[in-house]
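Asker: The structure file my_file22.txt (compact mmCIF, C-alpha atoms) is provided below.
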```txt
# COMPACT_ATOMS: atom_id res chain seq x y z
CA MET G 107 103.87 68.20 117.91
CA ALA G 108 102.54 70.21 115.01
CA ARG G 109 100.36 73.14 116.00
CA LYS G 110 96.69 72.39 115.49
CA LYS G 111 95.14 74.53 112.74
CA ARG G 112 92.51 76.92 114.04
CA ALA G 113 89.03 76.03 112.79
CA GLU G 114 87.21 78.66 110.78
CA PRO G 115 84.04 80.11 112.34
CA GLY G 116 80.80 78.55 111.14
CA PHE G 117 78.59 80.17 108.52
CA ALA G 118 76.38 82.06 111.00
CA GLU G 119 79.28 83.23 113.17
CA PHE G 120 81.30 84.29 110.11
CA ILE G 121 78.41 86.38 108.79
CA THR G 122 77.75 87.95 112.19
CA LEU G 123 81.40 88.79 112.83
CA THR G 124 81.89 90.19 109.34
CA ALA G 125 78.74 92.30 109.65
CA LEU G 126 79.79 93.68 113.04
CA MET G 127 83.20 94.76 111.75
CA MET G 128 81.68 96.39 108.70
CA SER G 129 79.14 98.03 111.03
CA LEU G 130 81.85 100.35 112.33
CA VAL G 131 80.96 102.53 109.33
CA ALA G 132 77.20 102.53 110.00
CA LEU G 133 77.74 103.03 113.73
CA SER G 134 80.03 106.00 113.06
CA ILE G 135 77.41 107.59 110.82
CA ASP G 136 73.93 106.80 112.10
CA THR G 137 74.57 107.19 115.84
CA MET G 138 75.75 110.74 115.12
CA LEU G 139 72.61 111.90 113.30
CA PRO G 140 70.58 113.08 116.32
CA ALA G 141 73.68 114.83 117.70
CA LEU G 142 74.68 116.90 114.64
CA ALA G 143 72.86 120.07 115.71
CA ASP G 144 74.19 119.87 119.29
CA ILE G 145 77.77 119.28 118.12
CA GLY G 146 77.60 122.19 115.67
CA LYS G 147 76.17 124.51 118.31
CA GLU G 148 78.78 123.62 120.95
CA LEU G 149 81.70 123.83 118.50
CA GLY G 150 80.69 127.17 117.01
CA VAL G 151 79.11 126.22 113.66
CA HIS G 152 76.69 128.86 112.36
CA GLU G 153 75.43 127.35 109.09
CA GLU G 154 73.13 124.30 109.49
CA ASN G 155 74.34 122.55 106.31
CA THR G 156 77.94 122.77 107.58
CA ASN G 157 77.09 120.20 110.26
CA GLN G 158 76.77 117.66 107.44
CA LEU G 159 80.58 117.73 107.11
CA ILE G 160 80.74 115.61 110.28
CA LEU G 161 79.37 112.83 108.07
CA SER G 162 81.01 113.72 104.75
CA ILE G 163 84.56 113.98 106.15
CA LEU G 164 84.29 110.41 107.44
CA PHE G 165 83.59 109.26 103.88
CA LEU G 166 86.61 111.23 102.65
CA GLY G 167 88.82 109.40 105.13
CA MET G 168 87.28 106.08 104.20
CA ALA G 169 87.79 106.69 100.48
CA SER G 170 91.45 107.60 101.06
CA GLY G 171 92.14 104.65 103.35
CA GLN G 172 90.70 102.01 101.09
CA LEU G 173 93.60 102.36 98.65
CA LEU G 174 96.02 101.42 101.45
CA TYR G 175 94.44 98.40 103.09
CA GLY G 176 94.07 96.24 99.99
CA PRO G 177 97.81 96.11 99.15
CA ILE G 178 98.69 95.72 102.84
CA SER G 179 96.30 92.78 103.21
CA ASP G 180 97.72 91.15 100.07
CA SER G 181 101.29 91.41 101.37
CA THR G 182 100.99 90.87 105.14
CA GLY G 183 97.71 88.95 105.36
CA ARG G 184 94.16 90.05 106.09
CA LYS G 185 94.42 90.26 109.89
CA PRO G 186 97.30 92.80 110.24
CA ALA G 187 95.50 95.17 107.88
CA ILE G 188 92.35 95.01 109.98
CA TYR G 189 94.34 95.59 113.17
CA LEU G 190 95.85 98.75 111.62
CA GLY G 191 92.39 100.00 110.67
CA TYR G 192 91.06 99.53 114.18
CA ALA G 193 94.06 101.35 115.68
CA LEU G 194 93.44 104.39 113.48
CA PHE G 195 89.70 104.30 114.17
CA ILE G 196 90.30 104.30 117.93
CA THR G 197 92.78 107.19 117.60
CA GLY G 198 90.26 109.24 115.61
CA THR G 199 87.54 108.46 118.12
CA LEU G 200 89.70 109.86 120.92
CA PHE G 201 90.37 113.03 118.89
CA SER G 202 86.64 113.64 118.38
CA LEU G 203 85.86 112.78 122.00
CA VAL G 204 88.01 115.64 123.33
CA ALA G 205 87.46 118.12 120.45
CA GLN G 206 86.96 121.73 121.55
CA ASN G 207 86.51 123.16 118.04
CA PHE G 208 85.10 122.05 114.71
CA PRO G 209 88.43 121.49 112.85
CA VAL G 210 89.62 119.03 115.54
CA MET G 211 86.27 117.24 115.32
CA LEU G 212 86.68 116.92 111.55
CA ALA G 213 90.28 115.69 111.95
CA GLY G 214 89.08 112.97 114.32
CA ARG G 215 86.26 112.03 111.96
CA PHE G 216 88.71 111.79 109.05
CA LEU G 217 90.87 109.38 111.06
CA GLN G 218 87.78 107.39 112.00
CA GLY G 219 86.88 107.10 108.33
CA PHE G 220 90.47 106.20 107.39
CA GLY G 221 90.38 103.51 110.07
CA THR G 222 86.98 102.02 109.17
CA ALA G 223 88.27 101.48 105.64
CA GLY G 224 90.34 98.59 107.03
CA PRO G 225 87.59 96.31 108.32
CA ARG G 226 85.21 97.44 105.56
CA ILE G 227 87.51 96.55 102.67
CA VAL G 228 89.49 93.65 104.10
CA SER G 229 86.31 91.96 105.37
CA ILE G 230 85.09 91.86 101.76
CA ALA G 231 88.43 90.35 100.73
CA ILE G 232 88.02 87.69 103.44
CA VAL G 233 84.55 86.90 102.08
CA ARG G 234 86.08 86.72 98.58
CA ASP G 235 88.79 84.36 99.90
CA ARG G 236 86.09 81.93 101.03
CA TYR G 237 83.31 82.43 98.43
CA GLU G 238 82.81 83.60 94.83
CA GLY G 239 80.10 84.44 92.30
CA SER G 240 76.49 84.06 93.41
CA SER G 241 77.64 82.39 96.65
CA MET G 242 79.56 85.54 97.50
CA ALA G 243 76.52 87.67 96.67
CA ARG G 244 74.36 85.53 98.98
CA VAL G 245 76.90 85.87 101.80
CA MET G 246 77.07 89.64 101.28
CA SER G 247 73.27 89.84 101.33
CA PHE G 248 73.14 87.96 104.64
CA VAL G 249 75.92 90.22 105.96
CA MET G 250 73.81 93.23 104.96
CA THR G 251 70.82 91.74 106.77
CA VAL G 252 72.77 91.60 110.04
CA PHE G 253 74.58 94.84 109.23
CA ILE G 254 71.28 96.72 108.88
CA LEU G 255 70.41 96.13 112.53
CA VAL G 256 72.92 98.86 113.40
CA PRO G 257 71.25 101.64 111.34
CA ILE G 258 67.88 100.57 112.76
CA VAL G 259 68.91 101.04 116.38
CA ALA G 260 71.87 103.46 116.11
CA PRO G 261 69.94 106.76 115.88
CA ALA G 262 67.79 105.77 118.87
CA ILE G 263 70.96 104.89 120.81
CA GLY G 264 72.49 108.20 119.79
CA GLN G 265 69.35 110.07 120.82
CA GLY G 266 69.33 108.34 124.20
CA ILE G 267 73.01 109.04 124.80
CA VAL G 268 72.60 112.72 123.89
CA VAL G 269 69.67 113.10 126.30
CA LEU G 270 71.34 111.24 129.17
CA SER G 271 75.02 112.10 128.84
CA GLY G 272 75.62 114.52 125.96
CA TRP G 273 77.10 113.91 122.51
CA ARG G 274 80.65 113.18 123.69
CA ALA G 275 79.48 109.94 125.29
CA ILE G 276 78.63 108.68 121.79
CA PHE G 277 82.36 108.43 121.09
CA GLY G 278 82.78 106.41 124.28
CA THR G 279 80.26 103.95 122.83
CA PHE G 280 82.38 103.74 119.66
CA LEU G 281 85.43 102.80 121.74
CA VAL G 282 83.61 99.97 123.52
CA PHE G 283 82.20 98.59 120.27
CA ALA G 284 85.58 98.71 118.55
CA LEU G 285 87.39 96.93 121.38
CA LEU G 286 84.79 94.17 121.65
CA SER G 287 84.60 93.47 117.91
CA ILE G 288 88.38 93.43 117.35
CA ALA G 289 88.81 91.06 120.29
CA TRP G 290 86.25 88.66 118.80
CA PHE G 291 87.99 88.86 115.42
CA ALA G 292 91.43 88.25 116.91
CA LEU G 293 90.28 85.22 118.89
CA ARG G 294 88.00 83.52 116.36
CA GLN G 295 88.92 84.41 112.77
CA PRO G 296 91.99 82.62 111.36
CA GLU G 297 94.05 84.14 108.57
CA THR G 298 92.44 83.42 105.17
CA LEU G 299 95.37 84.41 102.94
CA LYS G 300 98.02 81.68 102.89
CA PRO G 301 101.68 82.83 103.09
CA GLU G 302 102.46 81.36 99.68
CA ASN G 303 99.72 83.50 98.12
CA ARG G 304 100.96 86.80 99.55
CA ILE G 305 102.43 89.46 97.28
CA PRO G 306 105.06 91.96 98.50
CA PHE G 307 103.84 95.55 98.68
CA SER G 308 104.87 97.50 95.60
CA PHE G 309 103.76 100.89 94.29
CA LYS G 310 104.51 99.63 90.80
CA ARG G 311 102.18 96.68 91.31
CA MET G 312 99.58 98.97 92.84
CA THR G 313 99.55 101.36 89.89
CA ALA G 314 99.55 98.44 87.46
CA THR G 315 96.56 96.92 89.25
CA ILE G 316 94.73 100.24 89.24
CA ARG G 317 95.36 100.46 85.50
CA SER G 318 94.12 96.92 84.93
CA ILE G 319 90.92 97.60 86.89
CA LEU G 320 90.31 100.86 85.05
CA GLU G 321 90.69 98.90 81.82
CA ASN G 322 88.32 96.19 83.06
CA ARG G 323 85.00 97.39 81.70
CA SER G 324 82.91 95.15 83.95
CA ALA G 325 84.70 96.05 87.19
CA LEU G 326 84.84 99.76 86.38
CA GLY G 327 81.23 100.01 85.24
CA TYR G 328 79.81 98.28 88.30
CA THR G 329 82.12 100.29 90.58
CA VAL G 330 80.79 103.55 89.14
CA THR G 331 77.23 102.23 89.50
CA ALA G 332 77.86 101.30 93.15
CA GLY G 333 79.31 104.77 93.78
CA LEU G 334 76.30 106.53 92.29
CA VAL G 335 73.87 104.39 94.29
CA SER G 336 75.83 105.01 97.51
CA GLY G 337 75.94 108.69 96.54
CA TYR G 338 72.22 109.26 96.59
CA PHE G 339 72.03 107.32 99.85
CA LEU G 340 74.75 109.55 101.34
CA GLY G 341 72.71 112.55 100.18
CA TYR G 342 69.84 111.17 102.23
CA LEU G 343 72.07 110.58 105.29
CA ASN G 344 73.46 114.11 105.06
CA SER G 345 70.03 115.76 105.05
CA ALA G 346 67.90 113.23 107.01
CA GLN G 347 68.25 114.99 110.36
CA GLN G 348 67.22 118.33 108.87
CA ILE G 349 64.36 116.85 106.87
CA PHE G 350 62.80 114.90 109.72
CA GLN G 351 63.64 117.04 112.75
CA GLU G 352 63.26 120.47 111.17
CA GLU G 353 61.11 120.31 108.03
CA TYR G 354 58.67 117.79 109.53
CA ALA G 355 59.28 118.76 113.18
CA LEU G 356 59.58 115.17 114.45
CA GLY G 357 62.06 116.05 117.21
CA GLU G 358 62.99 113.01 119.28
CA ARG G 359 60.73 110.78 117.15
CA PHE G 360 63.25 111.06 114.30
CA PRO G 361 65.04 107.75 115.18
CA LEU G 362 61.77 105.82 114.82
CA TYR G 363 61.21 107.02 111.27
CA PHE G 364 64.86 106.49 110.38
CA ALA G 365 64.66 102.94 111.76
CA ALA G 366 61.61 102.14 109.64
CA LEU G 367 63.48 103.15 106.49
CA ALA G 368 66.61 101.25 107.55
CA LEU G 369 64.41 98.19 108.02
CA SER G 370 63.31 98.41 104.40
CA ILE G 371 66.95 98.09 103.26
CA GLY G 372 67.60 95.19 105.62
CA SER G 373 64.51 93.28 104.52
CA ALA G 374 65.46 93.81 100.87
CA SER G 375 68.94 92.37 101.48
CA PHE G 376 67.34 89.30 103.05
CA VAL G 377 64.92 88.92 100.11
CA ASN G 378 67.80 89.40 97.67
CA ALA G 379 69.68 86.41 99.08
CA ARG G 380 66.72 84.22 98.10
CA LEU G 381 66.01 85.86 94.76
CA LEU G 382 69.59 85.10 93.71
CA LEU G 383 68.70 81.42 93.72
CA HIS G 384 66.48 82.04 90.68
CA HIS G 385 67.60 85.36 89.14
CA SER G 386 70.91 86.88 88.09
CA MET G 387 72.56 89.74 89.94
CA GLN G 388 72.40 91.85 86.77
CA SER G 389 68.67 91.34 86.28
CA LEU G 390 67.81 92.15 89.88
CA SER G 391 70.00 95.28 89.87
CA ARG G 392 68.53 96.56 86.63
CA LYS G 393 64.96 96.13 87.85
CA ALA G 394 65.79 97.84 91.15
CA LEU G 395 67.23 100.89 89.38
CA LEU G 396 64.22 101.10 87.05
CA THR G 397 61.94 100.99 90.09
CA ILE G 398 63.85 103.81 91.81
CA GLY G 399 63.76 105.98 88.68
CA THR G 400 60.02 105.44 88.18
CA LEU G 401 59.18 106.11 91.83
CA SER G 402 61.32 109.24 91.86
CA VAL G 403 59.79 110.87 88.78
CA ALA G 404 56.29 110.14 90.13
CA PHE G 405 57.18 111.60 93.54
CA LEU G 406 58.75 114.67 91.93
CA LEU G 407 55.41 115.41 90.28
CA LEU G 408 53.66 115.02 93.65
CA ILE G 409 56.15 117.39 95.29
CA LEU G 410 55.60 120.07 92.65
CA LEU G 411 51.82 119.73 92.93
CA GLN G 412 52.02 120.19 96.72
CA GLU G 413 54.24 123.29 96.83
CA ASN G 414 57.41 121.29 97.59
CA HIS G 415 56.07 119.95 100.89
CA PRO G 416 54.33 116.56 100.56
CA PRO G 417 52.67 114.98 103.61
CA LEU G 418 54.98 112.90 105.80
CA TRP G 419 53.17 109.64 104.94
CA GLN G 420 53.82 110.17 101.23
CA LEU G 421 57.51 110.85 101.86
CA MET G 422 57.83 107.75 104.04
CA LEU G 423 56.09 105.54 101.46
CA TYR G 424 58.32 106.84 98.68
CA LEU G 425 61.52 106.42 100.71
CA PHE G 426 60.50 102.97 102.00
CA LEU G 427 59.96 101.62 98.47
CA THR G 428 63.06 103.37 97.15
CA PHE G 429 65.29 102.04 99.93
CA PHE G 430 63.89 98.53 99.48
CA SER G 431 65.17 98.69 95.89
CA THR G 432 68.44 100.15 97.19
CA GLY G 433 68.84 97.16 99.50
CA ILE G 434 68.61 94.89 96.45
CA LEU G 435 71.42 96.88 94.84
CA PHE G 436 73.98 97.07 97.65
CA GLY G 437 75.06 93.42 97.87
CA ASN G 438 74.74 92.75 94.14
CA LEU G 439 76.74 95.71 92.84
CA ASN G 440 79.70 95.05 95.17
CA ALA G 441 79.75 91.39 94.16
CA LEU G 442 79.50 92.27 90.45
CA ALA G 443 82.36 94.77 90.72
CA MET G 444 84.56 92.13 92.41
CA GLU G 445 83.49 89.17 90.27
CA THR G 446 86.39 89.36 87.80
CA LEU G 447 89.04 90.32 90.40
CA GLY G 448 89.55 86.98 92.16
CA SER G 449 93.35 86.90 91.74
CA ILE G 450 93.74 90.42 93.16
CA ALA G 451 90.92 90.38 95.72
CA GLY G 452 92.71 92.43 98.38
CA ILE G 453 94.00 95.33 96.31
CA GLY G 454 90.98 94.98 94.02
CA SER G 455 88.50 95.48 96.84
CA GLY G 456 90.47 98.52 98.00
CA ILE G 457 90.48 100.21 94.62
CA VAL G 458 86.83 99.37 93.93
CA GLY G 459 85.82 100.61 97.37
CA SER G 460 87.92 103.78 97.16
CA LEU G 461 86.65 104.79 93.73
CA SER G 462 83.01 104.10 94.56
CA THR G 463 83.32 105.99 97.86
CA PHE G 464 84.93 109.03 96.21
CA ILE G 465 82.06 109.07 93.70
CA SER G 466 79.47 108.76 96.46
CA LEU G 467 81.21 111.48 98.49
CA ILE G 468 81.06 113.96 95.61
CA VAL G 469 77.44 113.39 94.62
CA GLY G 470 76.19 112.78 98.17
CA THR G 471 77.75 115.97 99.49
CA ALA G 472 76.32 117.91 96.55
CA ILE G 473 72.83 116.61 97.32
CA GLY G 474 73.17 117.32 101.03
CA GLN G 475 74.54 120.84 100.56
CA SER G 476 71.65 121.57 98.18
CA TYR G 477 69.15 121.08 100.99
CA ASN G 478 66.84 124.09 100.99
CA GLY G 479 64.17 123.17 103.51
CA THR G 480 62.36 120.83 101.11
CA VAL G 481 62.79 117.25 99.84
CA LEU G 482 63.04 118.45 96.23
CA PRO G 483 66.90 118.31 96.01
CA LEU G 484 66.94 114.82 97.52
CA THR G 485 64.28 113.37 95.21
CA THR G 486 65.84 115.03 92.16
CA GLY G 487 69.18 113.47 93.09
CA PHE G 488 67.59 110.03 93.40
CA PHE G 489 66.01 110.33 89.95
CA ILE G 490 69.08 111.64 88.12
CA LEU G 491 71.51 109.16 89.71
CA SER G 492 69.26 106.14 89.11
CA ILE G 493 69.13 107.00 85.39
CA ILE G 494 72.92 107.50 85.17
CA SER G 495 73.41 104.24 87.09
CA LEU G 496 71.35 102.36 84.52
CA GLY G 497 73.61 103.78 81.81
CA ALA G 498 76.74 102.73 83.71
CA MET G 499 75.36 99.20 84.16
CA HIS G 500 74.54 98.96 80.46
CA TRP G 501 78.07 100.08 79.60
CA ALA G 502 79.58 97.50 82.00
CA GLU G 503 77.49 94.66 80.56
CA LYS G 504 77.98 95.53 76.91
CA GLU G 505 81.48 94.03 76.80
CA LYS G 506 80.28 90.87 78.54
CA GLN G 507 77.49 90.51 75.98
CA LEU G 508 79.96 90.90 73.13
CA THR G 509 82.28 88.36 74.75
CA HIS G 510 79.55 85.75 75.14
CA HIS G 511 77.84 86.49 71.82
CA PRO G 512 80.57 87.39 69.33
CA ALA G 513 79.63 88.44 65.83
CA ASP G 514 79.71 85.72 63.18
```
Starting from the file, give its structure as structure tokens.

Answerer:
Amino acid sequence: MARKKRAEPGFAEFITLTALMMSLVALSIDTMLPALADIGKELGVHEENTNQLILSILFLGMASGQLLYGPISDSTGRKPAIYLGYALFITGTLFSLVAQNFPVMLAGRFLQGFGTAGPRIVSIAIVRDRYEGSSMARVMSFVMTVFILVPIVAPAIGQGIVVLSGWRAIFGTFLVFALLSIAWFALRQPETLKPENRIPFSFKRMTATIRSILENRSALGYTVTAGLVSGYFLGYLNSAQQIFQEEYALGERFPLYFAALALSIGSASFVNARLLLHHSMQSLSRKALLTIGTLSVAFLLLILLQENHPPLWQLMLYLFLTFFSTGILFGNLNALAMETLGSIAGIGSGIVGSLSTFISLIVGTAIGQSYNGTVLPLTTGFFILSIISLGAMHWAEKEKQLTHHPAD
């Protein structure tokens, strides 16, 4: 008898599973935030801003890994590529768990980042295999809605683990989460790339695809925009612990404030899924960036008028509104960057993700390392990058406008 074809998971299960796998990234970042100072102290770090490298090095690994998983998933199928990513993530987690000095910690974090690139990138390719256009954007928005639950609770979990068992137990939590999510994926998600559609791995094809994407004005422009938006958010992640726990002396209350801001991004992703029924991705993204730029210049003036130290309620209001707009951007920009790459979804998602992550790593690290005990560097970064992002979007859309409205 012929083997019965495995049924695909339903819409809700597919979104939940995809979100959980992509949450490896958020879990690896946000759970660590309350532990940064303790890790740095135990491993001999003397400069506070250096602790931020525990976050930044993970993004470096992720940016490097994303170039690999796309071609692998196109040639072997989506599932083997995700299995490889999980194996590297687990290896890196073990390195960090037993680290006795800062370089070993950073090596483990790099491997974790290299590993998380697998589920992060290939999951998007799986979504692209099943959906396209506005439908893909709606799925990604729902994924982000589930995905955001991790940043909401992760810092509180990290804080609790640090208090009860110390920071090393956080890496034990990573191991459990990784094993559970990969088991669910292996049992429930069938392969979405048919054997006849697979393409043998080739460096020549890879470089040719990179060249074609770099020459694709729409894909490149939206990729740069996504990188800049992720960059200012990484700048926030890098300096959030110092801002809330040191500048505003929130101590163990830090996870509560972080969760409130994460909730703003999650609610925006949910709203975005409904707005897409009546508005284009381009229109929503443009309005979100304009909102961020306007809020940032207004808040900059407030900061300067208050000797670089605004009240906590003003900072929270500014960040809540800014991150709501950022939540609108996340799902839309990724979908826009991938929209014209349907025939090369696997390698395309890898290149798009790698380039945008490298951009975010550079600008986000610069913002974080500029932290000087005030929120001025962070707000300035938000303002500058929102303006540049608008320019990148305009550049990406100009070709499309010319294509649809050629001169007589």

Asker: For segment 480-487 of chain G, please output as JSON, numbers by chain all residues within 8 Å (counting all atoms listed in the file; exclusion window: fewer than 4 positions along the same chain).

Answerer: {"G": [338, 341, 342, 349, 353, 402, 405, 406, 409, 414, 415, 473, 474, 476, 491]}

Asker: Keeping C-alpha atoms, export the residues of the selection given above as a compact mmCIF listing (two decimals), in the frame of the given file.

Answerer:
```txt
# COMPACT_ATOMS: atom_id res chain seq x y z
CA TYR G 338 72.22 109.26 96.59
CA GLY G 341 72.71 112.55 100.18
CA TYR G 342 69.84 111.17 102.23
CA ILE G 349 64.36 116.85 106.87
CA GLU G 353 61.11 120.31 108.03
CA SER G 402 61.32 109.24 91.86
CA PHE G 405 57.18 111.60 93.54
CA LEU G 406 58.75 114.67 91.93
CA ILE G 409 56.15 117.39 95.29
CA ASN G 414 57.41 121.29 97.59
CA HIS G 415 56.07 119.95 100.89
CA ILE G 473 72.83 116.61 97.32
CA GLY G 474 73.17 117.32 101.03
CA SER G 476 71.65 121.57 98.18
CA LEU G 491 71.51 109.16 89.71
```

Asker: Do a neighbour search on Thr298 of chain G at 7 Å with only C-alpha atoms, toss out local chain neighbours closer than 6 positions, and write the hits as a PDB file with C-alpha atoms, in the coordinates of the input.

Answerer:
```pdb
ATOM      1  CA  ARG G 184      94.160  90.050 106.090  1.00  0.00           C
ATOM      2  CA  ILE G 232      88.020  87.690 103.440  1.00  0.00           C
ATOM      3  CA  ASP G 235      88.790  84.360  99.900  1.00  0.00           C
TER       4      ASP G 235
END
```

Asker: Which residues of segment 236-339 of chain G come within 12 Å of segment 112-125 of chain G, and for each one, what is the closest pair of atoms and their distance in Å to one decimal, counting all atoms listed in the file, sorted by chain and residue number, as CSV?

Answerer:
```
residue,atom,partner,partner_atom,distance
G:Arg236,CA,G:Glu114,CA,10.3
G:Tyr237,CA,G:Phe117,CA,11.4
G:Met242,CA,G:Ile121,CA,11.4
G:Arg244,CA,G:Ile121,CA,10.6
G:Val245,CA,G:Ile121,CA,7.2
G:Met246,CA,G:Ile121,CA,8.3
G:Ser247,CA,G:Ile121,CA,9.7
G:Phe248,CA,G:Ile121,CA,6.9
G:Val249,CA,G:Ala125,CA,5.1
G:Met250,CA,G:Ala125,CA,6.9
G:Thr251,CA,G:Ala125,CA,8.4
G:Val252,CA,G:Ala125,CA,6.0
G:Phe253,CA,G:Ala125,CA,4.9
G:Ile254,CA,G:Ala125,CA,8.7
G:Leu255,CA,G:Ala125,CA,9.6
G:Val256,CA,G:Ala125,CA,9.5
G:Leu286,CA,G:Leu123,CA,10.9
G:Ser287,CA,G:Leu123,CA,7.6
G:Ile288,CA,G:Leu123,CA,9.5
G:Ala289,CA,G:Leu123,CA,10.8
G:Trp290,CA,G:Leu123,CA,7.7
G:Phe291,CA,G:Leu123,CA,7.1
G:Ala292,CA,G:Leu123,CA,10.8
G:Leu293,CA,G:Arg112,CA,9.9
G:Arg294,CA,G:Pro115,CA,6.6
G:Gln295,CA,G:Glu114,CA,6.3
G:Pro296,CA,G:Glu114,CA,6.2
G:Glu297,CA,G:Glu114,CA,9.0
G:Thr298,CA,G:Glu114,CA,9.0
```

Asker: Ranking G:Gly272, G:Pro209, G:Gly399, G:Gly176 by minimum distance to Gly454 of chain G and counting only C-alpha atoms, which one comes first?

Answerer: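 Selected residue with least distance to Gly454 of chain G: G:Gly176.
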
Asker: Report, in Å to a single decimal, how far apart atom CA of Ile490 of chain G and atom CA of Leu407 of chain G are.

Answerer: 14.3 Å

Asker: What does the distance between atom CA of Lys504 of chain G and atom CA of Phe464 of chain G come to in Å, to one decimal place?

Answerer: 24.6 Å

Asker: Rank G:Leu461, G:Ala374, G:Leu410, G:Leu142 by their smallest atom-to-atom distance to Leu173 of chain G, using all atoms listed in the file, and report the top residue only.

Answerer: G:Leu461

Asker: Report, in Å to a single decimal, how far apart atom CA of Gly224 of chain G and atom CA of Leu139 of chain G are.

Answerer: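 Result for atom CA of Leu139 of chain G versus atom CA of Gly224 of chain G: 23.0 Å, one decimal.
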
Asker: Quick one: which segment 343-385 of chain G residues come within 6 Å of segment 424-442 of chain G, and what is the nearest atom pair for each with the distance in Å to one decimal, counting only C-alpha atoms, rows ordered by chain and ascending number, as a tab-separated table?

Answerer:
```
residue	atom	partner	partner_atom	distance
G:Leu367	CA	G:Phe426	CA	5.4
G:Ser370	CA	G:Phe430	CA	5.0
G:Ile371	CA	G:Gly433	CA	4.3
G:Ala374	CA	G:Gly433	CA	5.0
G:Ser375	CA	G:Gly433	CA	5.2
G:Asn378	CA	G:Ile434	CA	5.7
```

Asker: Within 10 Å of Leu161 of chain G, counting all atoms listed in the file, which residues show up once you throw out same-chain ones fewer than 2 positions away? Write them as an mmCIF file with C-alpha atoms, keeping the file's coordinate frame, please.

Answerer:
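New file around-v1.cif:
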```cif
data_model
loop_
_atom_site.group_PDB
_atom_site.id
_atom_site.type_symbol
_atom_site.label_atom_id
_atom_site.label_comp_id
_atom_site.auth_asym_id
_atom_site.auth_seq_id
_atom_site.Cartn_x
_atom_site.Cartn_y
_atom_site.Cartn_z
ATOM 1 C CA SER G 134 80.030 106.000 113.060
ATOM 2 C CA ILE G 135 77.410 107.590 110.820
ATOM 3 C CA ASP G 136 73.930 106.800 112.100
ATOM 4 C CA MET G 138 75.750 110.740 115.120
ATOM 5 C CA LEU G 139 72.610 111.900 113.300
ATOM 6 C CA LEU G 142 74.680 116.900 114.640
ATOM 7 C CA ASN G 157 77.090 120.200 110.260
ATOM 8 C CA GLN G 158 76.770 117.660 107.440
ATOM 9 C CA LEU G 159 80.580 117.730 107.110
ATOM 10 C CA ILE G 163 84.560 113.980 106.150
ATOM 11 C CA LEU G 164 84.290 110.410 107.440
ATOM 12 C CA PHE G 165 83.590 109.260 103.880
ATOM 13 C CA LEU G 166 86.610 111.230 102.650
ATOM 14 C CA LEU G 212 86.680 116.920 111.550
ATOM 15 C CA ARG G 215 86.260 112.030 111.960
ATOM 16 C CA PHE G 216 88.710 111.790 109.050
ATOM 17 C CA GLY G 219 86.880 107.100 108.330
ATOM 18 C CA LEU G 340 74.750 109.550 101.340
ATOM 19 C CA LEU G 343 72.070 110.580 105.290
ATOM 20 C CA ASN G 344 73.460 114.110 105.060
ATOM 21 C CA LEU G 467 81.210 111.480 98.490
ATOM 22 C CA THR G 471 77.750 115.970 99.490
#
```

Asker: Between G:Ile465, G:Ser460, G:Met128, G:Thr182, which is the closest to Asn303 of chain G once you count only C-alpha atoms?

Answerer: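 Smallest separation from Asn303 of chain G among the options: G:Thr182.
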
Asker: Which polymer residues have any atom within 8 Å of an atom of Ala443 of chain G, counting all atoms listed in the file, with same-chain residues fewer than 3 positions away left out, as number ranges by chain?

Answerer: G: 324-329, 439-440, 446, 458

Asker: Of the residues G:Met422, G:Leu356, G:Leu200, G:Leu299, which is the one nearest to Ala275 of chain G, using only C-alpha atoms?

Answerer: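 For Ala275 of chain G, the nearest of the candidates is G:Leu200.
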
Asker: Need the neighbours of (62.6, 104.7, 110.1): which residues are at most 10 Å away, counting all atoms listed in the file, as a ChimeraX atom specification?

Answerer: /G:257-259,261,359-370,422,425-426

Asker: With distances taken over all atoms listed in the file, which residue among G:Ala498, G:Ile178, G:Ile160, G:Ile398 lies nearest Phe339 of chain G?

Answerer: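 When distances to Phe339 of chain G are compared using all atoms listed in the file, the smallest one comes from G:Ile398.
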
Asker: Just need the box for segment 140-153 of chain G, edges along x, y and z, holding every atom the file lists for it with 6 Å tacked onto each side, so centre and edge lengths in Å to one decimal, as JSON.

Answerer:
```
{"center_x": 76.1, "center_y": 121.0, "center_z": 115.0, "size_x": 23.1, "size_y": 27.8, "size_z": 23.9}
```

Asker: Could you tell me which of G:Gly171, G:Pro140, G:Gly198, G:Pro186 comes closest to Ile227 of chain G if we count only C-alpha atoms?

Answerer: G:Gly171

Asker: Can you tell me, as number ranges by chain, what residues are no more than 6 Å from Gln172 of chain G when counting only C-alpha atoms, ignoring any on the same chain fewer than 2 positions away?

Answerer: G: 169-170, 174-175, 223, 456, 460
